[in-house]
Amino acid sequence: MPKLLELRKVIKIVKPYEIEFHSNTGGKHSGKFIRANKSFPVKTHGMKTMVLPYALNGLIKKFDLPSDVFD
């Protein structure tokens with residue numbers, strides 16, 4: 001199970017997998033990770049927001065990432 005990570009670190013980790021983060025979509029305090037026709041919303045309050053383990057697991061499942069990508 002992945003640990004807490006800052007949003008900016010998550011963005012850096014998923015960038016090689018061609019996944020982009022758009023902070024201006026999804027509402028006032030949320031953004032979306034997007035690749036092709038798939039998207040995954042996350043709550044954000046800035047780039048230092050901690051992304052919780054359940055959201056990291058959701059990213060792994062949604063975008064078929066390796067299970068140890070956030071370790």
# chains A, B, ... in the order shown; residues from 1 in each chain; ligands from 1
call {"tool": "residues_around", "arguments": {"residues": "A:Gly26", "least_positions_apart": "5", "cutoff": "12 Å", "atoms": "only C-alpha atoms", "output": "PDB file with C-alpha atoms, in the first residue's frame"}}
result
ATOM      1  CA  PHE A  21      -2.568  16.901 -14.093  1.00  0.00           C
ATOM      2  CA  GLY A  31      -8.142  18.579 -10.186  1.00  0.00           C
ATOM      3  CA  LYS A  32      -7.863  15.652 -12.558  1.00  0.00           C
ATOM      4  CA  PHE A  33      -5.152  13.339 -13.742  1.00  0.00           C
ATOM      5  CA  ILE A  34      -5.790  12.753 -17.456  1.00  0.00           C
ATOM      6  CA  SER A  39      -9.425  10.741 -16.010  1.00  0.00           C
ATOM      7  CA  PHE A  40      -9.141  10.476 -12.231  1.00  0.00           C
ATOM      8  CA  PRO A  41     -10.233  13.332  -9.904  1.00  0.00           C
ATOM      9  CA  VAL A  42      -8.383  14.224  -6.692  1.00  0.00           C
ATOM     10  CA  LYS A  43      -9.001  16.827  -3.989  1.00  0.00           C
ATOM     11  CA  THR A  44      -6.364  19.557  -3.970  1.00  0.00           C
TER      12      THR A  44
END
call {"tool": "residues_around", "arguments": {"residues": "A:Phe63", "least_positions_apart": "4", "cutoff": "9 Å", "atoms": "only C-alpha atoms", "output": "list of chain:residue names"}}
result
A:Tyr17, A:Ile19, A:Arg35, A:Lys38, A:Ser39, A:Phe40, A:Gly58, A:Leu59
call {"tool": "select_by_dssp", "arguments": {"residues": "chain A", "states": "helix (DSSP H, G or I)", "output": "list of chain:residue names"}}
result
A:Leu7, A:Arg8, A:Lys9, A:Val10, A:Ile11, A:Lys12, A:Ile13, A:Val14, A:Lys15, A:Pro16, A:Tyr17, A:Pro53, A:Tyr54, A:Ala55, A:Leu56, A:Asn57, A:Gly58, A:Leu59, A:Ile60, A:Lys61, A:Lys62
call {"tool": "atom_distance", "arguments": {"atom1": "atom CA of A:Leu5", "atom2": "atom CA of A:Met50"}}
result
5.4 Å
call {"tool": "closest_residue", "arguments": {"among": "A:Pro2, A:Pro16, A:Asp68, A:Ala36", "to": "A:Pro53", "atoms": "only C-alpha atoms"}}
result
A:Pro2
call {"tool": "closest_residue", "arguments": {"among": "A:Phe70, A:Asn57, A:Gly46, A:Leu65", "to": "A:Arg8", "atoms": "only C-alpha atoms"}}
result
A:Gly46
call {"tool": "closest_residue", "arguments": {"among": "A:Met47, A:Ile11, A:Met1, A:Ala55", "to": "A:Asp71", "atoms": "only C-alpha atoms"}}
result
A:Met1
call {"tool": "residues_around", "arguments": {"residues": "A:His45", "least_positions_apart": "5", "cutoff": "12 Å", "atoms": "only C-alpha atoms", "output": "PyMOL selection string"}}
result
chain A and resi 6-8+23-24+27-31+50-51
call {"tool": "write_last_selection", "arguments": {"atoms": "N, CA and C atoms", "output": "JSON list (two decimals), in the first residue's frame"}}
result
[["chain", "number", "residue", "atom", "x", "y", "z"],
["A", 6, "GLU", "N", 3.04, 14.07, -1.53],
["A", 6, "GLU", "CA", 2.60, 15.39, -1.94],
["A", 6, "GLU", "C", 2.17, 15.35, -3.40],
["A", 7, "LEU", "N", 1.22, 16.19, -3.75],
["A", 7, "LEU", "CA", 0.70, 16.23, -5.11],
["A", 7, "LEU", "C", 1.80, 16.48, -6.13],
["A", 8, "ARG", "N", 2.71, 17.39, -5.82],
["A", 8, "ARG", "CA", 3.77, 17.70, -6.78],
["A", 8, "ARG", "C", 4.67, 16.50, -7.04],
["A", 23, "SER", "N", -5.29, 21.28, -12.96],
["A", 23, "SER", "CA", -5.86, 21.78, -11.71],
["A", 23, "SER", "C", -7.11, 22.62, -11.93],
["A", 24, "ASN", "N", -7.38, 23.02, -13.16],
["A", 24, "ASN", "CA", -8.52, 23.89, -13.43],
["A", 24, "ASN", "C", -9.77, 23.11, -13.83],
["A", 27, "GLY", "N", -13.75, 21.30, -10.39],
["A", 27, "GLY", "CA", -14.34, 22.06, -9.29],
["A", 27, "GLY", "C", -13.32, 22.94, -8.61],
["A", 28, "LYS", "N", -13.77, 23.63, -7.56],
["A", 28, "LYS", "CA", -12.94, 24.63, -6.89],
["A", 28, "LYS", "C", -11.72, 24.02, -6.20],
["A", 29, "HIS", "N", -11.89, 22.93, -5.49],
["A", 29, "HIS", "CA", -10.79, 22.33, -4.74],
["A", 29, "HIS", "C", -10.46, 20.93, -5.25],
["A", 30, "SER", "N", -10.46, 20.75, -6.55],
["A", 30, "SER", "CA", -10.09, 19.45, -7.09],
["A", 30, "SER", "C", -9.47, 19.62, -8.46],
["A", 31, "GLY", "N", -8.76, 18.61, -8.87],
["A", 31, "GLY", "CA", -8.14, 18.58, -10.19],
["A", 31, "GLY", "C", -8.25, 17.17, -10.73],
["A", 50, "MET", "N", -1.42, 16.63, 0.45],
["A", 50, "MET", "CA", -1.05, 15.23, 0.58],
["A", 50, "MET", "C", -2.12, 14.37, -0.10],
["A", 51, "VAL", "N", -1.67, 13.51, -1.01],
["A", 51, "VAL", "CA", -2.57, 12.59, -1.70],
["A", 51, "VAL", "C", -2.62, 11.32, -0.88]]
